[in-house]
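Asker: Quick one, start-v9.cif (mmCIF, C-alpha atoms):
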```
data_work
loop_
_atom_site.label_atom_id
_atom_site.label_comp_id
_atom_site.auth_asym_id
_atom_site.auth_seq_id
_atom_site.Cartn_x
_atom_site.Cartn_y
_atom_site.Cartn_z
CA MET A 68 -18.51 -69.63 -24.69
CA ALA A 69 -15.06 -71.22 -24.83
CA SER A 70 -14.75 -74.63 -26.33
CA ALA A 71 -14.64 -77.66 -24.07
CA ARG A 72 -10.99 -78.23 -24.88
CA GLU A 73 -10.03 -74.70 -23.89
CA MET A 74 -11.95 -75.07 -20.68
CA ARG A 75 -10.23 -78.30 -19.82
CA LEU A 76 -6.85 -76.62 -20.29
CA ARG A 77 -7.85 -73.71 -18.11
CA MET A 78 -9.08 -76.02 -15.38
CA ARG A 79 -5.88 -77.94 -15.40
CA SER A 80 -3.77 -74.79 -15.10
CA VAL A 81 -5.88 -73.52 -12.22
CA ARG A 82 -5.44 -76.80 -10.40
CA ASN A 83 -1.70 -76.66 -10.98
CA ILE A 84 -1.57 -73.17 -9.55
CA ALA A 85 -3.46 -74.36 -6.49
CA GLN A 86 -0.90 -77.09 -6.04
CA VAL A 87 2.01 -74.69 -6.30
CA THR A 88 0.53 -72.20 -3.89
CA ARG A 89 -0.31 -74.94 -1.43
CA ALA A 90 3.31 -76.12 -1.54
CA LEU A 91 4.54 -72.56 -0.99
CA GLN A 92 2.17 -72.23 1.91
CA ALA A 93 3.55 -75.37 3.53
CA VAL A 94 7.12 -74.21 3.03
CA SER A 95 6.36 -70.81 4.53
CA ALA A 96 4.60 -72.40 7.46
CA SER A 97 7.68 -74.38 8.40
CA ARG A 98 9.93 -71.34 7.82
CA VAL A 99 7.78 -69.23 10.11
CA ARG A 100 8.26 -71.73 12.87
CA LYS A 101 12.01 -71.73 12.37
CA ALA A 102 12.24 -67.96 12.23
CA GLU A 103 10.09 -67.68 15.32
CA ALA A 104 12.35 -70.05 17.19
CA LEU A 105 15.34 -67.93 16.16
CA VAL A 106 13.66 -64.78 17.42
CA ARG A 107 12.79 -66.42 20.70
CA ALA A 108 16.30 -67.74 21.15
CA THR A 109 17.92 -64.32 20.82
CA ARG A 110 15.38 -62.57 22.99
CA PRO A 111 17.01 -63.11 26.41
CA TYR A 112 20.28 -61.72 25.13
CA ALA A 113 18.61 -58.82 23.37
CA ASP A 114 16.57 -57.94 26.45
CA LYS A 115 19.63 -57.94 28.67
CA ALA A 116 21.54 -55.94 26.11
CA TRP A 117 18.81 -53.32 26.07
CA GLN A 118 18.94 -53.17 29.79
CA VAL A 119 22.67 -52.47 29.73
CA LEU A 120 22.20 -49.80 27.08
CA ARG A 121 19.49 -48.19 29.16
CA HIS A 122 21.70 -48.03 32.18
CA LEU A 123 24.47 -46.67 30.04
CA SER A 124 22.29 -43.96 28.56
CA ARG A 125 21.38 -42.78 32.04
CA GLN A 126 24.91 -42.34 33.19
CA PRO A 127 25.59 -38.94 34.63
CA ALA A 128 27.11 -36.56 32.09
CA ARG A 129 26.51 -39.02 29.26
CA ASP A 130 26.96 -36.28 26.69
CA TYR A 131 30.64 -36.09 27.53
CA LEU A 132 31.23 -39.78 27.88
CA HIS A 133 31.35 -40.83 24.28
CA PRO A 134 30.29 -39.50 20.86
CA LEU A 135 27.81 -42.35 20.48
CA LEU A 136 25.92 -41.17 23.54
CA THR A 137 25.90 -37.49 22.65
CA GLN A 138 22.66 -35.88 21.59
CA ARG A 139 23.18 -33.64 18.60
CA GLN A 140 21.54 -30.26 18.70
CA GLN A 141 20.84 -30.04 15.03
CA VAL A 142 19.65 -32.80 12.77
CA ASN A 143 20.95 -32.27 9.27
CA LYS A 144 20.65 -35.73 7.93
CA ILE A 145 18.64 -38.82 8.79
CA LEU A 146 19.56 -42.37 8.00
CA VAL A 147 16.88 -45.05 7.87
CA VAL A 148 17.67 -48.73 7.98
CA LEU A 149 14.75 -50.42 6.25
CA VAL A 150 14.47 -54.17 6.68
CA THR A 151 12.63 -56.13 3.97
CA GLY A 152 13.18 -59.42 2.19
CA ASP A 153 14.41 -60.83 -1.10
CA ARG A 154 11.39 -62.68 -2.39
CA GLY A 155 7.96 -61.70 -3.56
CA LEU A 156 4.60 -63.43 -3.26
CA ALA A 157 4.17 -62.21 0.29
CA GLY A 158 0.90 -60.35 0.00
CA ALA A 159 0.94 -56.83 1.34
CA TYR A 160 4.08 -57.36 3.42
CA TYR A 161 6.34 -55.12 1.35
CA THR A 162 3.79 -52.44 0.65
CA ASN A 163 2.94 -52.16 4.32
CA VAL A 164 6.45 -51.66 5.61
CA LEU A 165 7.34 -49.36 2.73
CA ARG A 166 4.26 -47.23 3.18
CA PHE A 167 5.01 -47.02 6.89
CA ALA A 168 8.53 -45.76 6.17
CA MET A 169 7.27 -43.29 3.57
CA ASP A 170 4.61 -41.95 5.93
CA HIS A 171 7.25 -41.22 8.52
CA PHE A 172 10.10 -39.97 6.45
CA SER A 173 8.91 -38.58 3.13
CA GLU A 174 8.26 -35.23 4.78
CA ALA A 175 11.01 -35.29 7.38
CA ALA A 176 12.69 -32.04 8.33
CA ALA A 177 16.08 -33.21 7.13
CA PRO A 178 17.15 -35.12 4.03
CA VAL A 179 16.75 -38.85 4.47
CA SER A 180 18.87 -41.59 3.03
CA TYR A 181 18.21 -45.29 3.25
CA VAL A 182 20.12 -48.44 4.01
CA VAL A 183 17.93 -51.19 2.70
CA VAL A 184 18.03 -54.87 3.56
CA GLY A 185 16.50 -57.14 0.94
CA ARG A 186 16.27 -57.02 -2.83
CA LYS A 187 12.52 -56.42 -2.90
CA GLY A 188 12.78 -53.41 -0.66
CA ARG A 189 15.53 -51.98 -2.81
CA ASP A 190 13.45 -52.32 -5.97
CA LEU A 191 10.45 -50.69 -4.36
CA LEU A 192 12.49 -47.88 -2.84
CA ALA A 193 14.26 -47.21 -6.10
CA ARG A 194 10.86 -46.54 -7.62
CA GLN A 195 10.19 -43.93 -4.94
CA ARG A 196 13.27 -42.02 -6.07
CA VAL A 197 14.86 -41.79 -2.65
CA ASP A 198 18.52 -41.80 -1.81
CA ILE A 199 19.71 -45.35 -1.21
CA HIS A 200 22.98 -45.31 0.60
CA ALA A 201 23.62 -49.02 0.84
CA GLU A 202 21.92 -52.30 0.13
CA PHE A 203 22.21 -55.70 1.76
CA SER A 204 20.56 -58.53 -0.12
CA HIS A 205 20.50 -62.28 -0.19
CA LEU A 206 20.85 -62.98 3.48
CA PRO A 207 20.83 -66.71 4.17
CA PRO A 208 17.47 -68.24 5.08
CA GLU A 209 18.56 -68.55 8.70
CA PRO A 210 20.82 -65.57 9.22
CA THR A 211 23.31 -65.50 12.07
CA TYR A 212 24.50 -62.46 13.94
CA ALA A 213 27.65 -62.40 11.82
CA ASP A 214 25.57 -62.18 8.62
CA THR A 215 23.93 -58.97 9.71
CA SER A 216 26.62 -57.24 11.74
CA ALA A 217 27.84 -55.31 8.71
CA ILE A 218 24.50 -53.51 8.54
CA GLY A 219 24.88 -52.17 12.04
CA ARG A 220 28.46 -51.23 11.28
CA VAL A 221 27.39 -49.04 8.38
CA ALA A 222 24.91 -47.23 10.60
CA ILE A 223 27.50 -46.59 13.30
CA GLU A 224 30.06 -45.40 10.78
CA GLU A 225 27.67 -42.98 9.15
CA TYR A 226 26.71 -41.63 12.52
CA LEU A 227 30.22 -41.24 13.87
CA GLU A 228 31.49 -39.55 10.75
CA GLY A 229 28.69 -37.05 10.88
CA ARG A 230 26.98 -38.13 7.67
CA ALA A 231 23.87 -38.90 9.69
CA ASP A 232 22.67 -37.26 12.88
CA GLN A 233 19.91 -39.70 13.63
CA VAL A 234 19.57 -43.33 12.68
CA PHE A 235 16.22 -45.09 12.61
CA LEU A 236 15.40 -48.72 12.15
CA VAL A 237 12.22 -49.66 10.31
CA TYR A 238 11.14 -53.29 10.23
CA THR A 239 8.10 -55.50 10.59
CA ASP A 240 7.37 -56.75 14.05
CA PHE A 241 6.11 -60.31 14.20
CA ILE A 242 3.20 -60.40 16.61
CA ASN A 243 1.56 -63.64 15.55
CA LEU A 244 0.78 -65.56 12.39
CA LEU A 245 -1.99 -63.20 11.40
CA ARG A 246 -0.57 -59.93 12.65
CA GLN A 247 2.66 -58.28 11.65
CA GLU A 248 3.15 -54.62 12.23
CA PRO A 249 5.62 -52.21 10.69
CA THR A 250 7.64 -50.70 13.53
CA MET A 251 10.18 -47.94 13.95
CA LYS A 252 12.99 -47.75 16.48
CA LYS A 253 15.53 -45.05 17.05
CA LEU A 254 18.95 -46.63 16.87
CA LEU A 255 21.21 -43.64 17.39
CA PRO A 256 21.80 -41.61 19.41
CA LEU A 257 20.81 -43.86 22.26
CA GLU A 258 17.64 -42.68 23.82
CA PHE A 259 15.76 -44.36 26.58
CA GLU A 260 13.82 -41.60 28.18
CA GLU A 261 10.16 -41.94 29.10
CA ASP A 262 8.94 -41.43 25.56
CA ALA A 263 11.06 -44.28 24.25
CA GLN A 264 9.26 -46.81 26.36
CA GLU A 265 6.99 -48.09 23.64
CA GLY A 266 10.00 -49.07 21.56
CA LEU A 267 11.30 -51.40 24.23
CA PRO A 268 11.03 -55.14 24.10
CA THR A 269 8.40 -56.53 26.41
CA GLY A 270 9.25 -57.07 30.03
CA LEU A 271 11.74 -54.26 30.18
CA ALA A 272 9.25 -51.61 31.11
CA ALA A 273 9.15 -53.18 34.54
CA HIS A 274 12.76 -52.17 35.02
CA GLN A 275 12.00 -48.57 34.38
CA ARG A 276 13.43 -46.38 37.09
CA ARG A 277 13.78 -42.67 37.47
CA GLY A 278 16.86 -40.60 37.95
CA PRO A 279 20.45 -41.01 36.88
CA GLU A 280 22.29 -44.24 37.44
CA PRO A 281 25.29 -44.49 39.72
CA ALA A 282 28.42 -44.03 37.66
CA TYR A 283 30.13 -47.14 36.39
CA ILE A 284 33.69 -48.19 36.83
CA TYR A 285 34.91 -48.95 33.33
CA GLU A 286 37.43 -51.56 32.46
CA PRO A 287 39.19 -50.81 30.14
CA SER A 288 38.57 -47.07 29.76
CA ALA A 289 35.06 -45.73 29.26
CA ASP A 290 35.93 -44.62 25.77
CA GLU A 291 37.29 -47.94 24.68
CA LEU A 292 34.52 -49.90 26.30
CA ILE A 293 31.67 -47.86 24.91
CA SER A 294 33.27 -47.94 21.48
CA ALA A 295 33.13 -51.70 21.70
CA ILE A 296 29.82 -52.22 23.40
CA VAL A 297 27.47 -49.77 21.71
CA PRO A 298 28.20 -50.83 18.11
CA ARG A 299 27.78 -54.47 19.08
CA LEU A 300 24.49 -53.91 20.77
CA THR A 301 23.29 -51.69 17.95
CA ALA A 302 24.16 -54.41 15.50
CA LEU A 303 22.29 -56.80 17.72
CA GLN A 304 19.16 -54.71 17.43
CA VAL A 305 19.52 -54.79 13.68
CA TYR A 306 19.89 -58.55 13.90
CA GLU A 307 16.74 -58.86 15.93
CA ALA A 308 14.89 -56.63 13.49
CA VAL A 309 16.05 -58.85 10.63
CA LEU A 310 14.78 -61.94 12.42
CA GLU A 311 11.45 -60.34 13.26
CA SER A 312 11.04 -59.20 9.67
CA LEU A 313 11.95 -62.62 8.39
CA ALA A 314 9.31 -64.28 10.54
CA SER A 315 6.81 -61.66 9.41
CA GLU A 316 7.68 -62.18 5.77
CA HIS A 317 7.12 -65.91 5.98
CA ALA A 318 3.89 -65.45 7.91
CA ALA A 319 2.63 -62.94 5.36
CA ARG A 320 3.57 -65.27 2.54
CA MET A 321 1.87 -68.18 4.23
CA VAL A 322 -1.38 -66.26 4.56
CA ALA A 323 -1.16 -64.91 1.02
CA MET A 324 -0.57 -68.38 -0.34
CA ARG A 325 -3.41 -69.83 1.67
CA ASN A 326 -5.73 -67.25 0.19
CA ALA A 327 -4.38 -67.97 -3.26
CA THR A 328 -4.97 -71.69 -2.78
CA GLU A 329 -8.52 -71.09 -1.66
CA ASN A 330 -9.21 -68.78 -4.57
CA ALA A 331 -7.80 -71.28 -6.99
CA LYS A 332 -9.99 -74.00 -5.55
CA GLU A 333 -13.08 -71.83 -5.84
CA LEU A 334 -12.15 -70.95 -9.37
CA ALA A 335 -11.64 -74.62 -10.18
CA ILE A 336 -15.11 -75.45 -8.86
CA ALA A 337 -16.72 -72.63 -10.86
CA LEU A 338 -14.90 -73.73 -13.97
CA GLN A 339 -15.91 -77.33 -13.40
CA MET A 340 -19.58 -76.28 -13.18
CA GLU A 341 -19.33 -74.26 -16.31
CA TYR A 342 -17.56 -77.07 -18.07
CA ASN A 343 -20.19 -79.60 -16.99
CA LYS A 344 -22.92 -77.31 -18.20
CA ALA A 345 -21.23 -76.80 -21.51
CA ARG A 346 -20.67 -80.50 -21.91
CA GLN A 347 -24.31 -81.24 -21.06
CA GLN A 348 -25.40 -78.64 -23.54
CA ALA A 349 -23.24 -80.14 -26.21
CA ILE A 350 -24.70 -83.57 -25.55
CA THR A 351 -28.24 -82.23 -25.60
CA SER A 352 -27.74 -80.43 -28.84
CA GLU A 353 -26.12 -83.47 -30.37
CA MET A 354 -29.09 -85.57 -29.25
CA LEU A 355 -31.40 -83.01 -30.77
CA ASP A 356 -29.44 -83.15 -33.99
CA ILE A 357 -29.70 -86.92 -34.09
CA ALA A 358 -33.38 -86.92 -33.16
CA GLY A 359 -34.05 -84.16 -35.67
CA GLY A 360 -32.09 -86.03 -38.33
CA ALA A 361 -33.92 -89.26 -37.63
CA GLU A 362 -37.28 -87.48 -37.72
CA ALA A 363 -36.42 -85.80 -41.01
CA LEU A 364 -35.27 -89.12 -42.45
CA ARG A 365 -38.47 -90.83 -41.33
CA GLN A 366 -40.58 -88.14 -42.88
CA ALA A 367 -38.62 -88.26 -46.09
CA LEU A 368 -38.99 -92.06 -46.24
CA GLY A 369 -42.75 -91.80 -45.47
CA GLN A 370 -43.24 -89.32 -48.27
CA GLY A 371 -41.25 -91.43 -50.69
CA ALA A 372 -43.33 -94.54 -49.94
CA MET B 88 22.80 -62.12 50.79
CA PRO B 89 23.75 -63.62 47.42
CA ILE B 90 24.00 -61.63 44.22
CA ARG B 91 21.80 -62.45 41.23
CA CYS B 92 23.71 -63.74 38.27
CA GLU B 93 22.50 -63.92 34.68
CA VAL B 94 24.60 -65.41 31.93
CA VAL B 95 23.23 -65.14 28.40
CA THR B 96 24.68 -65.95 25.01
CA GLN B 97 23.28 -64.87 21.71
CA ASP B 98 21.20 -67.98 21.42
CA LYS B 99 20.24 -68.93 24.93
CA MET B 100 20.15 -68.28 28.63
CA LEU B 101 23.04 -70.17 30.21
CA TYR B 102 22.49 -69.44 33.86
CA GLU B 103 20.07 -67.47 35.92
CA GLY B 104 20.09 -67.58 39.69
CA PRO B 105 21.81 -66.55 42.86
CA ALA B 106 25.56 -66.60 43.37
CA ASP B 107 27.95 -66.04 46.25
CA ILE B 108 30.76 -65.15 43.93
CA VAL B 109 31.18 -64.81 40.17
CA VAL B 110 34.67 -65.09 38.75
CA ALA B 111 34.93 -63.71 35.22
CA PRO B 112 37.72 -63.33 32.66
CA GLY B 113 37.95 -59.55 32.23
CA VAL B 114 40.20 -58.16 29.51
CA GLU B 115 42.46 -56.67 32.15
CA GLY B 116 42.60 -59.74 34.31
CA GLU B 117 40.37 -62.13 36.07
CA MET B 118 37.96 -60.58 38.51
CA GLY B 119 35.83 -61.94 41.29
CA ILE B 120 32.51 -60.24 41.90
CA LEU B 121 30.94 -60.41 45.32
CA PRO B 122 27.50 -59.12 46.30
CA ASN B 123 27.27 -55.34 46.63
CA HIS B 124 30.04 -54.72 44.18
CA ALA B 125 30.29 -51.17 42.83
CA PRO B 126 28.65 -50.66 39.40
CA LEU B 127 31.06 -51.81 36.75
CA LEU B 128 31.06 -52.34 33.04
CA THR B 129 33.74 -54.44 31.49
CA GLN B 130 34.72 -56.29 28.41
CA LEU B 131 35.35 -60.01 28.74
CA ASP B 132 38.18 -61.98 27.23
CA TYR B 133 38.27 -65.61 26.18
CA GLY B 134 38.27 -67.59 29.36
CA ILE B 135 36.44 -69.37 32.06
CA LEU B 136 33.53 -68.03 34.03
CA ARG B 137 32.77 -69.57 37.41
CA VAL B 138 29.63 -69.06 39.41
CA ARG B 139 29.71 -70.36 42.96
CA TYR B 140 26.68 -70.69 45.14
CA GLN B 141 26.58 -72.52 48.47
CA GLY B 142 29.69 -74.50 47.73
CA GLU B 143 28.47 -75.62 44.30
CA GLU B 144 30.47 -74.31 41.40
CA GLN B 145 29.23 -74.02 37.84
CA VAL B 146 31.80 -73.52 35.14
CA PHE B 147 31.30 -71.96 31.72
CA THR B 148 33.58 -71.13 28.85
CA ILE B 149 33.16 -67.64 27.48
CA ALA B 150 34.56 -66.43 24.18
CA GLY B 151 34.43 -62.69 24.64
CA GLY B 152 31.54 -60.44 25.56
CA PHE B 153 30.57 -57.95 28.22
CA MET B 154 29.71 -57.95 31.85
CA GLU B 155 27.63 -55.43 33.70
CA VAL B 156 27.86 -55.41 37.46
CA ARG B 157 25.35 -53.68 39.67
CA PRO B 158 25.12 -54.03 43.42
CA GLU B 159 22.38 -56.63 43.23
CA VAL B 160 22.90 -58.27 39.85
CA VAL B 161 25.68 -59.42 37.52
CA THR B 162 24.78 -59.67 33.85
CA VAL B 163 27.14 -61.50 31.54
CA LEU B 164 26.54 -61.00 27.82
CA ALA B 165 28.73 -63.60 26.20
CA ASP B 166 29.38 -63.69 22.47
CA VAL B 167 29.78 -67.43 22.63
CA GLY B 168 29.59 -69.59 25.69
CA GLU B 169 28.63 -72.95 27.07
CA ARG B 170 28.60 -75.05 30.18
CA VAL B 171 31.78 -77.01 30.58
CA ASP B 172 29.71 -80.13 31.28
CA GLU B 173 28.06 -79.80 27.90
CA ILE B 174 31.19 -79.43 25.81
CA ASP B 175 31.63 -82.17 23.26
CA GLU B 176 35.28 -82.97 23.69
CA ALA B 177 35.63 -84.93 20.47
CA ARG B 178 34.07 -82.13 18.49
CA ALA B 179 36.27 -79.50 20.07
CA GLU B 180 39.33 -81.61 19.36
CA GLU B 181 38.25 -82.03 15.76
CA ALA B 182 37.61 -78.30 15.45
CA ARG B 183 41.03 -77.51 16.84
CA ARG B 184 42.73 -79.89 14.43
CA ARG B 185 40.85 -78.46 11.48
CA ALA B 186 41.55 -74.88 12.46
CA GLU B 187 45.23 -75.61 12.90
CA GLU B 188 45.38 -77.22 9.48
CA LEU B 189 43.59 -74.31 7.87
CA LEU B 190 45.95 -71.88 9.52
CA LYS B 191 48.93 -73.80 8.21
CA GLU B 192 47.57 -73.61 4.68
CA GLY B 193 47.79 -69.94 5.40
CA PRO B 194 45.20 -67.54 4.12
CA PRO B 195 46.85 -64.10 4.21
CA PRO B 196 46.95 -62.74 7.77
CA ASP B 197 44.61 -59.92 8.73
CA THR B 198 41.91 -61.01 6.33
CA ASP B 199 38.49 -61.81 7.74
CA GLU B 200 39.00 -65.44 6.91
CA TYR B 201 42.26 -65.66 8.81
CA LEU B 202 40.77 -63.94 11.83
CA ALA B 203 37.74 -66.23 11.78
CA ILE B 204 39.92 -69.33 11.74
CA GLU B 205 42.09 -67.93 14.47
CA ALA B 206 39.06 -67.17 16.61
CA SER B 207 37.73 -70.65 16.05
CA LEU B 208 41.09 -72.08 17.06
CA ARG B 209 41.11 -70.03 20.24
CA ARG B 210 37.61 -71.16 21.07
CA SER B 211 38.32 -74.83 20.61
CA ARG B 212 41.56 -74.58 22.61
CA LEU B 213 39.68 -72.86 25.36
CA ARG B 214 37.04 -75.58 25.39
CA LEU B 215 39.58 -78.37 25.52
CA ASP B 216 41.47 -76.59 28.22
CA ALA B 217 38.33 -76.11 30.28
CA VAL B 218 37.28 -79.73 29.87
CA ARG B 219 40.67 -80.97 31.00
CA ARG B 220 40.85 -78.73 34.01
CA TYR B 221 37.35 -78.84 35.31
CA ARG B 222 35.95 -82.22 34.43
CA ARG B 223 38.84 -84.07 35.95
CA ARG B 224 38.53 -82.02 39.06
CA LYS B 225 34.99 -83.13 39.45
CA ARG B 226 35.81 -86.81 39.38
CA GLN B 227 39.01 -87.08 41.35
CA ARG B 228 39.22 -84.35 43.84
CA PRO B 229 40.90 -82.78 45.57
CA ALA B 230 43.09 -81.57 42.73
CA PRO B 231 45.11 -78.38 43.11
CA LYS B 232 43.28 -75.27 42.02
CA PRO B 233 44.43 -74.51 38.50
CA ARG B 234 46.55 -71.48 37.97
CA GLU B 235 44.73 -68.71 36.13
CA GLU B 236 46.39 -66.67 33.48
CA SER B 237 45.81 -63.00 33.81
#
```
Would you mind writing the file's structure down as structure tokens?

Answerer:
Amino acid sequence: MASAREMRLRMRSVRNIAQVTRALQAVSASRVRKAEALVRATRPYADKAWQVLRHLSRQPARDYLHPLLTQRQQVNKILVVLVTGDRGLAGAYYTNVLRFAMDHFSEAAAPVSYVVVGRKGRDLLARQRVDIHAEFSHLPPEPTYADTSAIGRVAIEEYLEGRADQVFLVYTDFINLLRQEPTMKKLLPLEFEEDAQEGLPTGLAAHQRRGPEPAYIYEPSADELISAIVPRLTALQVYEAVLESLASEHAARMVAMRNATENAKELAIALQMEYNKARQQAITSEMLDIAGGAEALRQALGQGA
Amino acid sequence: MPIRCEVVTQDKMLYEGPADIVVAPGVEGEMGILPNHAPLLTQLDYGILRVRYQGEEQVFTIAGGFMEVRPEVVTVLADVGERVDEIDEARAEEARRRAEELLKEGPPPDTDEYLAIEASLRRSRLRLDAVRRYRRRKRQRPAPKPREES
């Protein structure tokens, strides 16, 4: 058994860890709330934007309207935008989203390359030996649309220049504090047919209608307008994914840290018990030594007399 | 039969409700949308968006965005926008002054920084302009209808 001094040191370090994890938990809890508020604030805009995109994708003869609306017959290359975070200590958050992406794309029919958001995701992906096309790290703690628009721009560029025929977005959907689910959305080409319904934000399914839309009047020209609108709204989806992932990351970290705090507390109690026992034992044996010594002395004196 | 009008910016819902007419700053000129308008998709310029319903007019500043018109609903997706009543005039004035100063110091044109400052200057000018035109009109009417640039 370890000495009492060693045990005291160990107990102190466990208590310190508990304090640190509790602080991290509190920080994450407040960050979750902020991130959630951000998500909620952008939702009306994002929902409306989706609606416009839906209508646009149902325009008659959409394949001839604009390259961004054209379905490509053959898929030679897939681009995946994977949204993660920069910091660790978030439990299974990173493994979950990464495993989700790997499950979907490691055996895809076409070569896959990745655009990864977040340092942690990059490190993990690099270990998987996949092709990382671009990396965006160190987003501010409360990212704005402008901070993330470059990500969407890369996706659009790759698509338009033919270096990718399909673009997917993989991120973690924030459902509530205890549930975050890795999710996949098809970014490009735009697709809002029946099968795409599950990828829609809530409330939009109600707007579902069959048949082609009446043709729009475009001002300025259709080409110019779609070139402006689709990239923006694509970037917006990336922005929303970043916000959702951010909320998920903080929630995952909060839960992980709460578990860590509880474990540390349990450990501290177990150590305390063991320490008390050891201390009691030491006292008992010391008492025995003294009693034994005294007895021996008494006997020795009695014999001498 | 009024048309439904929804005005959203990236961080909130500005207006949602019925309208008799929506006047929006399209890139190719100002346009008024009445109920049962043909489907239309347009880009919006910096300017003033007015939503009139039963004689009441609500005024917003819009700094770019898109508008989708369908026979029964107008959706305005504004990049930046706010109610004219909620504009902080002192802040806009301060922003304009700062942007003008920064522009004079002159970061090289066509850089992101230059464009950002320029955009901020346009926004604050637009806000000040809107405040001057529309707040005054509220207090001391009837003032002449302001001329719109197109």

Asker: Please expand the PyMOL selection byres ((chain B) within 12 of (chain A)) into the concrete residues it hits in this file, giving the result as an MDAnalysis selection string.

Answerer: chainID B and resid 92:103 112:118 124:132 151:158 160:167 199 203

Asker: Can you tell me, as an mmCIF file with C-alpha atoms, in the coordinates of the input, what residues are no more than 12 Å from Arg196 (chain A) when counting only C-alpha atoms, ignoring any on the same chain fewer than 5 positions away?

Answerer:
```
data_model
loop_
_atom_site.group_PDB
_atom_site.id
_atom_site.type_symbol
_atom_site.label_atom_id
_atom_site.label_comp_id
_atom_site.auth_asym_id
_atom_site.auth_seq_id
_atom_site.Cartn_x
_atom_site.Cartn_y
_atom_site.Cartn_z
ATOM 1 C CA MET A 169 7.270 -43.290 3.570
ATOM 2 C CA SER A 173 8.910 -38.580 3.130
ATOM 3 C CA VAL A 179 16.750 -38.850 4.470
ATOM 4 C CA SER A 180 18.870 -41.590 3.030
ATOM 5 C CA TYR A 181 18.210 -45.290 3.250
ATOM 6 C CA ARG A 189 15.530 -51.980 -2.810
ATOM 7 C CA ASP A 190 13.450 -52.320 -5.970
ATOM 8 C CA LEU A 191 10.450 -50.690 -4.360
#
```

Asker: What is the CA of Val94 (chain A) to CA of Leu236 (chain A) distance in Å?

Answerer: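 We find that CA of Val94 (chain A) and CA of Leu236 (chain A) lie 28.3 Å from each other.
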
Asker: Just want the 8 Å neighbourhood of Leu136 (chain B), counted on all atoms listed in the file, with same-chain residues fewer than 4 positions away dropped. Output as a count of residues only.

Answerer: 8

Asker: Any idea what's packed within 8 Å of region 138-150 of chain A, counting only C-alpha atoms, ignoring anything in its chain fewer than 4 positions away? Could you give it as a PyMOL selection string?

Answerer: chain A and resi 130+168+177-185+188+222+230-239+256+308-309+312

Asker: Just say which residues the PyMOL selection byres ((chain A and resi 319) around 8) picks in this file, as a PyMOL selection string.

Answerer: chain A and resi 157-160+244-245+247+315-318+320-323

Asker: Find the distance between CA of Ala314 (chain A) and CA of Pro208 (chain A) and write it in Å to one decimal.

Answerer: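 These two atoms are separated by 10.6 Å.
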
Asker: List the residues matched by the PyMOL selection byres ((chain B and resi 204) around 10) in the displayed structure as a ChimeraX atom specification, ordered by chain and then by residue number.

Answerer: /B:182-183,185-190,194,199-203,205-210

Asker: Write to file, as a PDB file, in the coordinates of the input, the residues of the selection just made, with C-alpha atoms.

Answerer:
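After the write, result29.pdb holds the following:
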```pdb
ATOM      1  CA  ALA B 182      37.610 -78.300  15.450  1.00  0.00           C
ATOM      2  CA  ARG B 183      41.030 -77.510  16.840  1.00  0.00           C
ATOM      3  CA  ARG B 185      40.850 -78.460  11.480  1.00  0.00           C
ATOM      4  CA  ALA B 186      41.550 -74.880  12.460  1.00  0.00           C
ATOM      5  CA  GLU B 187      45.230 -75.610  12.900  1.00  0.00           C
ATOM      6  CA  GLU B 188      45.380 -77.220   9.480  1.00  0.00           C
ATOM      7  CA  LEU B 189      43.590 -74.310   7.870  1.00  0.00           C
ATOM      8  CA  LEU B 190      45.950 -71.880   9.520  1.00  0.00           C
ATOM      9  CA  PRO B 194      45.200 -67.540   4.120  1.00  0.00           C
ATOM     10  CA  ASP B 199      38.490 -61.810   7.740  1.00  0.00           C
ATOM     11  CA  GLU B 200      39.000 -65.440   6.910  1.00  0.00           C
ATOM     12  CA  TYR B 201      42.260 -65.660   8.810  1.00  0.00           C
ATOM     13  CA  LEU B 202      40.770 -63.940  11.830  1.00  0.00           C
ATOM     14  CA  ALA B 203      37.740 -66.230  11.780  1.00  0.00           C
ATOM     15  CA  GLU B 205      42.090 -67.930  14.470  1.00  0.00           C
ATOM     16  CA  ALA B 206      39.060 -67.170  16.610  1.00  0.00           C
ATOM     17  CA  SER B 207      37.730 -70.650  16.050  1.00  0.00           C
ATOM     18  CA  LEU B 208      41.090 -72.080  17.060  1.00  0.00           C
ATOM     19  CA  ARG B 209      41.110 -70.030  20.240  1.00  0.00           C
ATOM     20  CA  ARG B 210      37.610 -71.160  21.070  1.00  0.00           C
TER      21      ARG B 210
END
```

Asker: Expressed in Å to a single decimal, how great is the separation between CA of Trp117 (chain A) and CA of Ser204 (chain A)?

Answerer: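 Between these atoms lies a distance of 26.8 Å.
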
Asker: Just want the 7 Å neighbourhood of region 213-220 of chain A, counted on only C-alpha atoms, with same-chain residues fewer than 5 positions away dropped. Output as a list of chain:residue names.

Answerer: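 These residues fall inside the cut-off: A:Pro298, A:Thr301, A:Ala302, A:Val305, A:Tyr306.
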
Asker: Counting all atoms listed in the file, which of A:Ala367, A:Ile350, A:Ala335, A:Leu192 gets nearest to Arg82 (chain A)?

Answerer: A:Ala335

Asker: Around all listed atoms of region 115-124 of chain B, padded 8 Å per side, what centre and edge lengths does the axis-aligned box have in Å to one decimal, as JSON?

Answerer:
```
{"center_x": 34.9, "center_y": -58.4, "center_z": 39.4, "size_x": 31.3, "size_y": 23.4, "size_z": 30.5}
```

Asker: Counting only C-alpha atoms, which of B:Asn123, B:Glu159, B:Glu192, B:Gly134 gets nearest to Leu213 (chain B)?

Answerer: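 So, comparing all the options, the nearest one is B:Gly134.
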